[in-house]
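*Asks:* Structure provided below as structure tokens; questions to follow.
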Amino acid sequence: MNVLRGKIKQIQTVNELSRIEIDLHGHTFVSLVIDIGSFGEIAIGSAVTLLFKEAEVLIGTKESTVSASNAFVSVIKKITQGKILSEVIFDFEGVEIISLITTSSLQRLQIEAGKEFLWFIKANEVTLQKGAK
Amino acid sequence: MNELILSKDLRGANGIIPLEINTTFNRGELTVLFGKSGAGKSTILKMIAGLLEPTDGKIVIEDEVWYDSSKKINLPPQKRKIGFVFQDYALFPNMTVRQNLLYALDDRKKASKVDEILHVTELANLANEKPDALSGGQKQRVALARALVREPKILLLDEPLSALDFAMRTKLQDELLKIQRYFNLTTILVSHDIGEVYKLAQFVLELADGKIIKKGTPNEIFGGSKISGKFKFSGEIVNIVQSDIVFVVSILVGQNVVKVVSTQEEVRNLKIGQKVTLASKAFNPIITPI
């Protein structure tokens, strides 16, 4: 699981659906949440943890334009290659972001440690956890 | 509204523990008393049932005062409309299932109630069996049915499922839930099983050393509500298998085993038998009509 810590920046709610902006050291992350009321009180500026699965993190070339709200260019720190799947570890502001993609895609995009690539995750895949441990 | 104000000195293993309870709980809801043994959970049930008198306090069930030390009110147990189910079934062995239920009826004219209860608890086809012919789970279902025929204002359940094996316990939890919601019956369940509390409770009172230390929904008490996921279950890890560079973790949720892909680093903090919360975003599940 990828874990990032930030602060709530903005909340926009339409009926059951909320779009939440989270500030992470000057970068803005977006999470979509249903029925935010059941999550309890969340105030602007309060600490929050972002959780997302490795397999939901996609990779593109640096120049790619994508619809995902959360897209960042980072240097690849390490790659663990399996027969079917590969784990690509990015260095995002000193925090490791892990992407799990197929080994065939890894080879197709010629992804290698030390290179810069775009990693991205859709807002609907980002889970929020109250507080920042 | 239901109200409990109870105080009494309990004799515990390590000396006197003063029981001090002051709480309300909602009509028609299932409230769980959760806590370690010796916390005073069963004592509270006995006080509601009138089997043990508090030193002072007040017991109000469905707006009816059953006990009030200041007004010298103390209804005897037989005047309190309760259904009580213990871990031990306490059925009459010489009577059939139907006879056991009929015996509990206050008013013999209400024999049709027995049929309704036998139907709801799915015991109709066992009505003429004697308890010895029944399994542990069936016996406990009869004990529950017998508690229901008296049309209690409150159902008191003292760890009724703890003697049953896991599969039977899960099944009876489902049935208990169905029955409690069907009759909208104010229920107090004593339990120390978090999975059970999560599944059954609408409200939890956590006790320690004779005091309520936390009140709230299971999520508020056990912390799951900190996560915003809409697909949220509690379960137990039953298996972890490496597959290529990832791991497949099998988790028992209710009676179903679900499999979740996890990474090596994540698996390092997981072990078989561990209780976990499983959460997913509301966007992921796919709905297909059956």
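In the structure tokens, each chain is lettered A, B, ... as it comes, each chain's residues begin at 1, and ligands are numbered from 1 in order of appearance.
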May I have the residues within 8 Å of Asn100 (chain B) as JSON, numbers by chain, using only C-alpha atoms and disregarding those fewer than 5 positions away in the same chain?
*Replies:* {"B": [91, 92, 95, 146]}
*Asks:* Take the selection from the previous step and output its residues with N, CA and C atoms, as a short mmCIF file (atom, residue, chain, number, x, y, z; two decimals), in the first residue's frame.
*Replies:*
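Result written to part.cif:
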data_model
loop_
_atom_site.label_atom_id
_atom_site.label_comp_id
_atom_site.auth_asym_id
_atom_site.auth_seq_id
_atom_site.Cartn_x
_atom_site.Cartn_y
_atom_site.Cartn_z
N LEU B 91 -32.60 -26.06 28.56
CA LEU B 91 -33.91 -26.51 28.05
C LEU B 91 -34.39 -27.67 28.92
N PHE B 92 -35.71 -27.88 28.95
CA PHE B 92 -36.24 -29.05 29.66
C PHE B 92 -36.05 -30.27 28.77
N MET B 95 -39.15 -32.40 27.51
CA MET B 95 -40.18 -31.75 26.71
C MET B 95 -39.69 -31.57 25.27
N ARG B 146 -37.49 -19.63 22.85
CA ARG B 146 -38.22 -19.66 24.12
C ARG B 146 -38.19 -18.27 24.78
#
*Asks:* Would you list the contacts of region 31-42 of chain B as a PDB file with N, CA and C atoms, in the first residue's frame, taking every protein, DNA or RNA residue within 10 Å and counting only C-alpha atoms, but skipping same-chain residues closer than 4 positions in sequence?
*Replies:*
ATOM      1  N   LEU B  10     -18.578  -4.921  43.514  1.00  0.00           N
ATOM      2  CA  LEU B  10     -18.437  -6.302  43.033  1.00  0.00           C
ATOM      3  C   LEU B  10     -17.217  -6.926  43.681  1.00  0.00           C
ATOM      4  N   ARG B  11     -17.374  -8.184  44.036  1.00  0.00           N
ATOM      5  CA  ARG B  11     -16.224  -8.895  44.587  1.00  0.00           C
ATOM      6  C   ARG B  11     -15.442  -9.531  43.441  1.00  0.00           C
ATOM      7  N   GLY B  12     -14.306  -8.977  43.102  1.00  0.00           N
ATOM      8  CA  GLY B  12     -13.501  -9.498  42.007  1.00  0.00           C
ATOM      9  C   GLY B  12     -12.361 -10.342  42.524  1.00  0.00           C
ATOM     10  N   ALA B  13     -11.563 -10.887  41.594  1.00  0.00           N
ATOM     11  CA  ALA B  13     -10.438 -11.746  41.978  1.00  0.00           C
ATOM     12  C   ALA B  13      -9.398 -10.950  42.763  1.00  0.00           C
ATOM     13  N   ILE B  17     -14.385  -4.314  43.390  1.00  0.00           N
ATOM     14  CA  ILE B  17     -14.428  -3.402  42.244  1.00  0.00           C
ATOM     15  C   ILE B  17     -15.769  -2.670  42.300  1.00  0.00           C
ATOM     16  N   PRO B  18     -15.758  -1.339  42.425  1.00  0.00           N
ATOM     17  CA  PRO B  18     -17.038  -0.638  42.453  1.00  0.00           C
ATOM     18  C   PRO B  18     -17.641  -0.521  41.038  1.00  0.00           C
ATOM     19  N   LEU B  19     -18.842  -1.085  40.861  1.00  0.00           N
ATOM     20  CA  LEU B  19     -19.548  -0.961  39.583  1.00  0.00           C
ATOM     21  C   LEU B  19     -20.290   0.374  39.605  1.00  0.00           C
ATOM     22  N   GLU B  20     -20.022   1.225  38.628  1.00  0.00           N
ATOM     23  CA  GLU B  20     -20.695   2.528  38.530  1.00  0.00           C
ATOM     24  C   GLU B  20     -21.117   2.736  37.082  1.00  0.00           C
ATOM     25  N   ILE B  21     -22.405   2.549  36.814  1.00  0.00           N
ATOM     26  CA  ILE B  21     -22.901   2.651  35.440  1.00  0.00           C
ATOM     27  C   ILE B  21     -23.961   3.747  35.392  1.00  0.00           C
ATOM     28  N   PHE B  25     -29.733   3.757  26.513  1.00  0.00           N
ATOM     29  CA  PHE B  25     -29.553   3.042  25.252  1.00  0.00           C
ATOM     30  C   PHE B  25     -30.900   2.996  24.535  1.00  0.00           C
ATOM     31  N   ASN B  26     -30.838   2.893  23.215  1.00  0.00           N
ATOM     32  CA  ASN B  26     -32.041   3.101  22.413  1.00  0.00           C
ATOM     33  C   ASN B  26     -32.960   1.896  22.354  1.00  0.00           C
ATOM     34  N   ARG B  27     -34.228   2.201  22.279  1.00  0.00           N
ATOM     35  CA  ARG B  27     -35.276   1.197  22.093  1.00  0.00           C
ATOM     36  C   ARG B  27     -35.128   0.570  20.707  1.00  0.00           C
ATOM     37  N   LYS B  46     -27.861  -9.341  35.015  1.00  0.00           N
ATOM     38  CA  LYS B  46     -28.571  -9.900  36.182  1.00  0.00           C
ATOM     39  C   LYS B  46     -29.356  -8.811  36.902  1.00  0.00           C
ATOM     40  N   MET B  47     -28.820  -7.611  36.952  1.00  0.00           N
ATOM     41  CA  MET B  47     -29.521  -6.503  37.610  1.00  0.00           C
ATOM     42  C   MET B  47     -30.756  -6.104  36.809  1.00  0.00           C
ATOM     43  N   ILE B  48     -30.645  -6.095  35.492  1.00  0.00           N
ATOM     44  CA  ILE B  48     -31.806  -5.760  34.651  1.00  0.00           C
ATOM     45  C   ILE B  48     -32.883  -6.829  34.837  1.00  0.00           C
ATOM     46  N   PHE B  86     -28.559 -17.705  27.927  1.00  0.00           N
ATOM     47  CA  PHE B  86     -27.188 -17.892  28.416  1.00  0.00           C
ATOM     48  C   PHE B  86     -26.412 -18.789  27.450  1.00  0.00           C
ATOM     49  N   LEU B 156     -31.988 -10.246  26.776  1.00  0.00           N
ATOM     50  CA  LEU B 156     -30.662 -10.225  27.389  1.00  0.00           C
ATOM     51  C   LEU B 156     -29.904 -11.473  26.960  1.00  0.00           C
ATOM     52  N   LEU B 157     -28.788 -11.274  26.296  1.00  0.00           N
ATOM     53  CA  LEU B 157     -28.028 -12.403  25.760  1.00  0.00           C
ATOM     54  C   LEU B 157     -26.637 -12.409  26.378  1.00  0.00           C
ATOM     55  N   ASP B 158     -26.357 -13.416  27.206  1.00  0.00           N
ATOM     56  CA  ASP B 158     -25.069 -13.482  27.892  1.00  0.00           C
ATOM     57  C   ASP B 158     -24.146 -14.471  27.174  1.00  0.00           C
ATOM     58  N   GLU B 159     -23.341 -13.962  26.257  1.00  0.00           N
ATOM     59  CA  GLU B 159     -22.431 -14.775  25.435  1.00  0.00           C
ATOM     60  C   GLU B 159     -23.107 -16.050  24.952  1.00  0.00           C
ATOM     61  N   THR B 186     -35.467  -4.514  21.612  1.00  0.00           N
ATOM     62  CA  THR B 186     -34.367  -3.943  22.395  1.00  0.00           C
ATOM     63  C   THR B 186     -33.551  -5.108  22.955  1.00  0.00           C
ATOM     64  N   THR B 187     -32.279  -5.135  22.642  1.00  0.00           N
ATOM     65  CA  THR B 187     -31.459  -6.293  22.997  1.00  0.00           C
ATOM     66  C   THR B 187     -30.131  -5.841  23.596  1.00  0.00           C
ATOM     67  N   ILE B 188     -29.726  -6.531  24.642  1.00  0.00           N
ATOM     68  CA  ILE B 188     -28.372  -6.314  25.168  1.00  0.00           C
ATOM     69  C   ILE B 188     -27.610  -7.622  25.061  1.00  0.00           C
ATOM     70  N   LEU B 189     -26.506  -7.573  24.360  1.00  0.00           N
ATOM     71  CA  LEU B 189     -25.686  -8.760  24.145  1.00  0.00           C
ATOM     72  C   LEU B 189     -24.350  -8.560  24.848  1.00  0.00           C
ATOM     73  N   VAL B 190     -23.960  -9.547  25.633  1.00  0.00           N
ATOM     74  CA  VAL B 190     -22.622  -9.532  26.226  1.00  0.00           C
ATOM     75  C   VAL B 190     -21.704 -10.307  25.301  1.00  0.00           C
ATOM     76  N   SER B 191     -20.617  -9.693  24.895  1.00  0.00           N
ATOM     77  CA  SER B 191     -19.695 -10.382  23.993  1.00  0.00           C
ATOM     78  C   SER B 191     -18.287  -9.846  24.180  1.00  0.00           C
ATOM     79  N   HIS B 192     -17.293 -10.698  23.929  1.00  0.00           N
ATOM     80  CA  HIS B 192     -15.920 -10.199  23.946  1.00  0.00           C
ATOM     81  C   HIS B 192     -15.248 -10.472  22.602  1.00  0.00           C
ATOM     82  N   ASP B 193     -16.094 -10.851  21.595  1.00  0.00           N
ATOM     83  CA  ASP B 193     -15.584 -11.176  20.269  1.00  0.00           C
ATOM     84  C   ASP B 193     -15.790  -9.962  19.353  1.00  0.00           C
ATOM     85  N   ILE B 194     -14.691  -9.306  18.972  1.00  0.00           N
ATOM     86  CA  ILE B 194     -14.790  -8.070  18.187  1.00  0.00           C
ATOM     87  C   ILE B 194     -15.545  -8.298  16.872  1.00  0.00           C
ATOM     88  N   GLU B 196     -17.870 -10.402  16.265  1.00  0.00           N
ATOM     89  CA  GLU B 196     -19.294 -10.507  16.587  1.00  0.00           C
ATOM     90  C   GLU B 196     -19.893  -9.125  16.870  1.00  0.00           C
ATOM     91  N   VAL B 197     -19.141  -8.319  17.592  1.00  0.00           N
ATOM     92  CA  VAL B 197     -19.612  -6.979  17.939  1.00  0.00           C
ATOM     93  C   VAL B 197     -19.805  -6.158  16.653  1.00  0.00           C
ATOM     94  N   TYR B 198     -18.829  -6.234  15.764  1.00  0.00           N
ATOM     95  CA  TYR B 198     -18.899  -5.514  14.492  1.00  0.00           C
ATOM     96  C   TYR B 198     -20.143  -5.909  13.707  1.00  0.00           C
ATOM     97  N   LEU B 200     -22.977  -7.459  14.797  1.00  0.00           N
ATOM     98  CA  LEU B 200     -24.305  -7.383  15.407  1.00  0.00           C
ATOM     99  C   LEU B 200     -24.668  -6.035  16.020  1.00  0.00           C
ATOM    100  N   ALA B 201     -23.676  -5.334  16.542  1.00  0.00           N
ATOM    101  CA  ALA B 201     -24.012  -4.182  17.391  1.00  0.00           C
ATOM    102  C   ALA B 201     -24.432  -2.954  16.604  1.00  0.00           C
ATOM    103  N   GLN B 202     -25.459  -2.275  17.130  1.00  0.00           N
ATOM    104  CA  GLN B 202     -25.772  -0.942  16.630  1.00  0.00           C
ATOM    105  C   GLN B 202     -25.127   0.090  17.549  1.00  0.00           C
ATOM    106  N   PHE B 203     -24.895  -0.329  18.779  1.00  0.00           N
ATOM    107  CA  PHE B 203     -24.291   0.550  19.770  1.00  0.00           C
ATOM    108  C   PHE B 203     -23.451  -0.303  20.713  1.00  0.00           C
ATOM    109  N   VAL B 204     -22.307   0.203  21.111  1.00  0.00           N
ATOM    110  CA  VAL B 204     -21.413  -0.565  21.981  1.00  0.00           C
ATOM    111  C   VAL B 204     -21.108   0.228  23.249  1.00  0.00           C
ATOM    112  N   LEU B 205     -21.195  -0.457  24.375  1.00  0.00           N
ATOM    113  CA  LEU B 205     -20.737   0.112  25.642  1.00  0.00           C
ATOM    114  C   LEU B 205     -19.521  -0.718  26.047  1.00  0.00           C
ATOM    115  N   GLU B 206     -18.353  -0.102  26.051  1.00  0.00           N
ATOM    116  CA  GLU B 206     -17.157  -0.849  26.442  1.00  0.00           C
ATOM    117  C   GLU B 206     -16.904  -0.654  27.930  1.00  0.00           C
ATOM    118  N   LEU B 207     -16.781  -1.791  28.622  1.00  0.00           N
ATOM    119  CA  LEU B 207     -16.610  -1.756  30.074  1.00  0.00           C
ATOM    120  C   LEU B 207     -15.214  -2.192  30.503  1.00  0.00           C
ATOM    121  N   ALA B 208     -14.741  -1.583  31.559  1.00  0.00           N
ATOM    122  CA  ALA B 208     -13.520  -2.054  32.227  1.00  0.00           C
ATOM    123  C   ALA B 208     -13.664  -1.745  33.704  1.00  0.00           C
ATOM    124  N   ASP B 209     -13.403  -2.709  34.528  1.00  0.00           N
ATOM    125  CA  ASP B 209     -13.447  -2.558  35.988  1.00  0.00           C
ATOM    126  C   ASP B 209     -14.726  -1.868  36.478  1.00  0.00           C
ATOM    127  N   GLY B 210     -15.856  -2.304  35.968  1.00  0.00           N
ATOM    128  CA  GLY B 210     -17.135  -1.791  36.461  1.00  0.00           C
ATOM    129  C   GLY B 210     -17.549  -0.425  35.940  1.00  0.00           C
ATOM    130  N   LYS B 211     -16.772   0.133  34.999  1.00  0.00           N
ATOM    131  CA  LYS B 211     -17.107   1.453  34.449  1.00  0.00           C
ATOM    132  C   LYS B 211     -17.228   1.379  32.924  1.00  0.00           C
ATOM    133  N   ILE B 212     -18.057   2.271  32.373  1.00  0.00           N
ATOM    134  CA  ILE B 212     -18.121   2.387  30.916  1.00  0.00           C
ATOM    135  C   ILE B 212     -16.962   3.282  30.487  1.00  0.00           C
ATOM    136  N   ILE B 213     -16.068   2.721  29.673  1.00  0.00           N
ATOM    137  CA  ILE B 213     -14.909   3.535  29.266  1.00  0.00           C
ATOM    138  C   ILE B 213     -15.086   4.111  27.862  1.00  0.00           C
ATOM    139  N   LYS B 214     -15.976   3.515  27.051  1.00  0.00           N
ATOM    140  CA  LYS B 214     -16.240   4.058  25.707  1.00  0.00           C
ATOM    141  C   LYS B 214     -17.665   3.729  25.314  1.00  0.00           C
ATOM    142  N   LYS B 215     -18.287   4.640  24.548  1.00  0.00           N
ATOM    143  CA  LYS B 215     -19.620   4.405  23.994  1.00  0.00           C
ATOM    144  C   LYS B 215     -19.588   4.784  22.530  1.00  0.00           C
ATOM    145  N   GLY B 216     -20.288   4.044  21.696  1.00  0.00           N
ATOM    146  CA  GLY B 216     -20.368   4.455  20.298  1.00  0.00           C
ATOM    147  C   GLY B 216     -20.715   3.301  19.392  1.00  0.00           C
ATOM    148  N   THR B 217     -20.665   3.564  18.084  1.00  0.00           N
ATOM    149  CA  THR B 217     -20.892   2.501  17.112  1.00  0.00           C
ATOM    150  C   THR B 217     -19.632   1.628  17.086  1.00  0.00           C
ATOM    151  N   PRO B 218     -19.712   0.391  16.552  1.00  0.00           N
ATOM    152  CA  PRO B 218     -18.504  -0.440  16.494  1.00  0.00           C
ATOM    153  C   PRO B 218     -17.347   0.276  15.789  1.00  0.00           C
TER     154      PRO B 218
END
*Asks:* Given a cut-off of 12 Å, which residues of chain A touch chain B, counting only C-alpha atoms, written out as a count of residues only?
*Replies:* 57
*Asks:* I'd like the contact shell of Thr23 (chain B) - 7 Å cut-off, only C-alpha atoms, skipping same-chain residues fewer than 6 positions apart - returned as a PDB file with N, CA and C atoms, in the first residue's frame.
*Replies:*
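out.pdb was written with the following content:
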ATOM      1  N   GLU B   3     -32.893   3.369  30.433  1.00  0.00           N
ATOM      2  CA  GLU B   3     -31.911   4.038  31.283  1.00  0.00           C
ATOM      3  C   GLU B   3     -31.357   3.064  32.324  1.00  0.00           C
ATOM      4  N   LEU B   4     -30.071   3.123  32.509  1.00  0.00           N
ATOM      5  CA  LEU B   4     -29.428   2.285  33.531  1.00  0.00           C
ATOM      6  C   LEU B   4     -28.548   3.158  34.414  1.00  0.00           C
ATOM      7  N   ILE B   5     -28.888   3.209  35.688  1.00  0.00           N
ATOM      8  CA  ILE B   5     -27.984   3.844  36.656  1.00  0.00           C
ATOM      9  C   ILE B   5     -27.782   2.786  37.739  1.00  0.00           C
TER      10      ILE B   5
END
*Asks:* When you look at Leu118 (chain A) with a cut-off of 12 Å (counting only C-alpha atoms), what residues show up, excluding the ones that are within fewer than 6 positions of it in the same chain? I need them as a ChimeraX atom specification.
*Replies:* /A:57-66,68,70-76,88-92,97,99,109,111
*Asks:* Can you tell me, as a VMD selection string, what residues are no more than 7 Å from Leu24 (chain A) when counting only C-alpha atoms, ignoring any on the same chain fewer than 3 positions away?
*Replies:* chain A and resid 5 to 7 27 to 28
*Asks:* Go through chain A and collect every residue that DSSP, computed from the backbone, puts in strand (DSSP E); the answer should be as an NGL selection string.
*Replies:* :A and (2-14 or 17-24 or 27-34 or 47-52 or 58-60 or 70-81 or 85-92 or 95-102 or 116-121 or 127-130)
*Asks:* Env of Val238 (chain B): 12 Å cut, atoms = only C-alpha atoms, seq-sep filter 4 positions within chain, self excluded. Answer as a VMD selection string.
*Replies:* chain B and resid 248 to 253 256 to 260 270 to 276
*Asks:* Would you export the selected residues with C-alpha atoms as a PDB file, in the first residue's frame, please?
*Replies:*
ATOM      1  CA  VAL B 248      -2.287 -13.348  -2.183  1.00  0.00           C
ATOM      2  CA  VAL B 249      -3.792 -12.962   1.286  1.00  0.00           C
ATOM      3  CA  SER B 250      -6.934 -15.033   2.021  1.00  0.00           C
ATOM      4  CA  ILE B 251      -9.253 -13.407   4.547  1.00  0.00           C
ATOM      5  CA  LEU B 252     -12.294 -15.007   6.160  1.00  0.00           C
ATOM      6  CA  VAL B 253     -15.149 -12.484   6.177  1.00  0.00           C
ATOM      7  CA  ASN B 256     -16.644 -16.340   2.817  1.00  0.00           C
ATOM      8  CA  VAL B 257     -12.964 -16.325   2.037  1.00  0.00           C
ATOM      9  CA  VAL B 258     -11.902 -13.329  -0.019  1.00  0.00           C
ATOM     10  CA  LYS B 259      -8.498 -12.997  -1.653  1.00  0.00           C
ATOM     11  CA  VAL B 260      -6.566  -9.760  -1.703  1.00  0.00           C
ATOM     12  CA  LEU B 270       0.483  -9.627   8.525  1.00  0.00           C
ATOM     13  CA  LYS B 271       0.160 -13.090   9.983  1.00  0.00           C
ATOM     14  CA  ILE B 272      -2.320 -15.956   9.832  1.00  0.00           C
ATOM     15  CA  GLY B 273      -5.019 -15.623  12.487  1.00  0.00           C
ATOM     16  CA  GLN B 274      -4.714 -11.841  12.609  1.00  0.00           C
ATOM     17  CA  LYS B 275      -7.938  -9.760  12.699  1.00  0.00           C
ATOM     18  CA  VAL B 276      -7.973  -7.111   9.996  1.00  0.00           C
TER      19      VAL B 276
END
*Asks:* Taking only C-alpha atoms into account, which of B:Gly254, B:Pro285, B:Pro152, B:Pro131 comes nearest Gly28 (chain B)?
*Replies:* B:Pro152
*Asks:* When DSSP is applied to the backbone of this structure, which of region 23-219 of chain B are assigned helix (DSSP H, G or I)? Write them out as a PyMOL selection string.
*Replies:* chain B and resi 41-49+69-71+77-79+97-104+108-120+124-126+131-133+136-149+166-183+194-200+218-219
*Asks:* Residues at most 12 Å from Asn184 (chain B), counting only C-alpha atoms, excluding those fewer than 6 positions away in the same chain, as a list in words?
*Replies:*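 The filter keeps Asn26, Arg27, Gly28, Glu29, Leu30, Leu148, Glu151, Pro152, Lys153, Ile154, Leu155, Leu176, Leu177 and Lys178 of chain B.
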*Asks:* Generate the output file for the selected residues, N, CA and C atoms, as an mmCIF file, in the first residue's frame.
*Replies:*
data_model
loop_
_atom_site.group_PDB
_atom_site.id
_atom_site.type_symbol
_atom_site.label_atom_id
_atom_site.label_comp_id
_atom_site.auth_asym_id
_atom_site.auth_seq_id
_atom_site.Cartn_x
_atom_site.Cartn_y
_atom_site.Cartn_z
ATOM 1 N N ASN B 26 -30.838 2.893 23.215
ATOM 2 C CA ASN B 26 -32.041 3.101 22.413
ATOM 3 C C ASN B 26 -32.960 1.896 22.354
ATOM 4 N N ARG B 27 -34.228 2.201 22.279
ATOM 5 C CA ARG B 27 -35.276 1.197 22.093
ATOM 6 C C ARG B 27 -35.128 0.570 20.707
ATOM 7 N N GLY B 28 -35.312 -0.724 20.644
ATOM 8 C CA GLY B 28 -35.302 -1.413 19.350
ATOM 9 C C GLY B 28 -33.917 -1.690 18.788
ATOM 10 N N GLU B 29 -32.895 -1.256 19.513
ATOM 11 C CA GLU B 29 -31.539 -1.467 19.000
ATOM 12 C C GLU B 29 -30.824 -2.595 19.728
ATOM 13 N N LEU B 30 -29.791 -3.129 19.061
ATOM 14 C CA LEU B 30 -28.960 -4.130 19.702
ATOM 15 C C LEU B 30 -27.721 -3.440 20.271
ATOM 16 N N LEU B 148 -38.151 -15.535 23.193
ATOM 17 C CA LEU B 148 -38.971 -14.634 22.380
ATOM 18 C C LEU B 148 -40.466 -14.814 22.594
ATOM 19 N N GLU B 151 -42.643 -12.487 24.544
ATOM 20 C CA GLU B 151 -42.737 -11.117 24.017
ATOM 21 C C GLU B 151 -42.045 -10.138 24.963
ATOM 22 N N PRO B 152 -40.744 -10.339 25.158
ATOM 23 C CA PRO B 152 -40.035 -9.519 26.138
ATOM 24 C C PRO B 152 -39.904 -8.069 25.672
ATOM 25 N N LYS B 153 -39.780 -7.175 26.641
ATOM 26 C CA LYS B 153 -39.483 -5.779 26.315
ATOM 27 C C LYS B 153 -37.995 -5.644 26.050
ATOM 28 N N ILE B 154 -37.238 -6.562 26.630
ATOM 29 C CA ILE B 154 -35.792 -6.533 26.404
ATOM 30 C C ILE B 154 -35.258 -7.962 26.369
ATOM 31 N N LEU B 155 -34.368 -8.190 25.425
ATOM 32 C CA LEU B 155 -33.743 -9.497 25.283
ATOM 33 C C LEU B 155 -32.318 -9.388 25.824
ATOM 34 N N LEU B 176 -29.675 -14.353 14.512
ATOM 35 C CA LEU B 176 -29.965 -13.454 15.630
ATOM 36 C C LEU B 176 -30.240 -12.046 15.102
ATOM 37 N N LEU B 177 -29.419 -11.639 14.162
ATOM 38 C CA LEU B 177 -29.559 -10.318 13.546
ATOM 39 C C LEU B 177 -30.918 -10.193 12.868
ATOM 40 N N LYS B 178 -31.273 -11.223 12.121
ATOM 41 C CA LYS B 178 -32.537 -11.232 11.378
ATOM 42 C C LYS B 178 -33.727 -11.144 12.354
#
*Asks:* Which residue out of B:Asp56, B:Thr288, B:Val120, B:Tyr103 has the minimum interatomic distance to Arg181 (chain B) when only C-alpha atoms are used?
*Replies:*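 Once distances to Arg181 (chain B) are computed over only C-alpha atoms, the minimum belongs to B:Val120.
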*Asks:* May I ask for the distance between CA of Ser46 (chain A) and CA of Ile22 (chain A), given in Å to one decimal place?
*Replies:* 9.7 Å
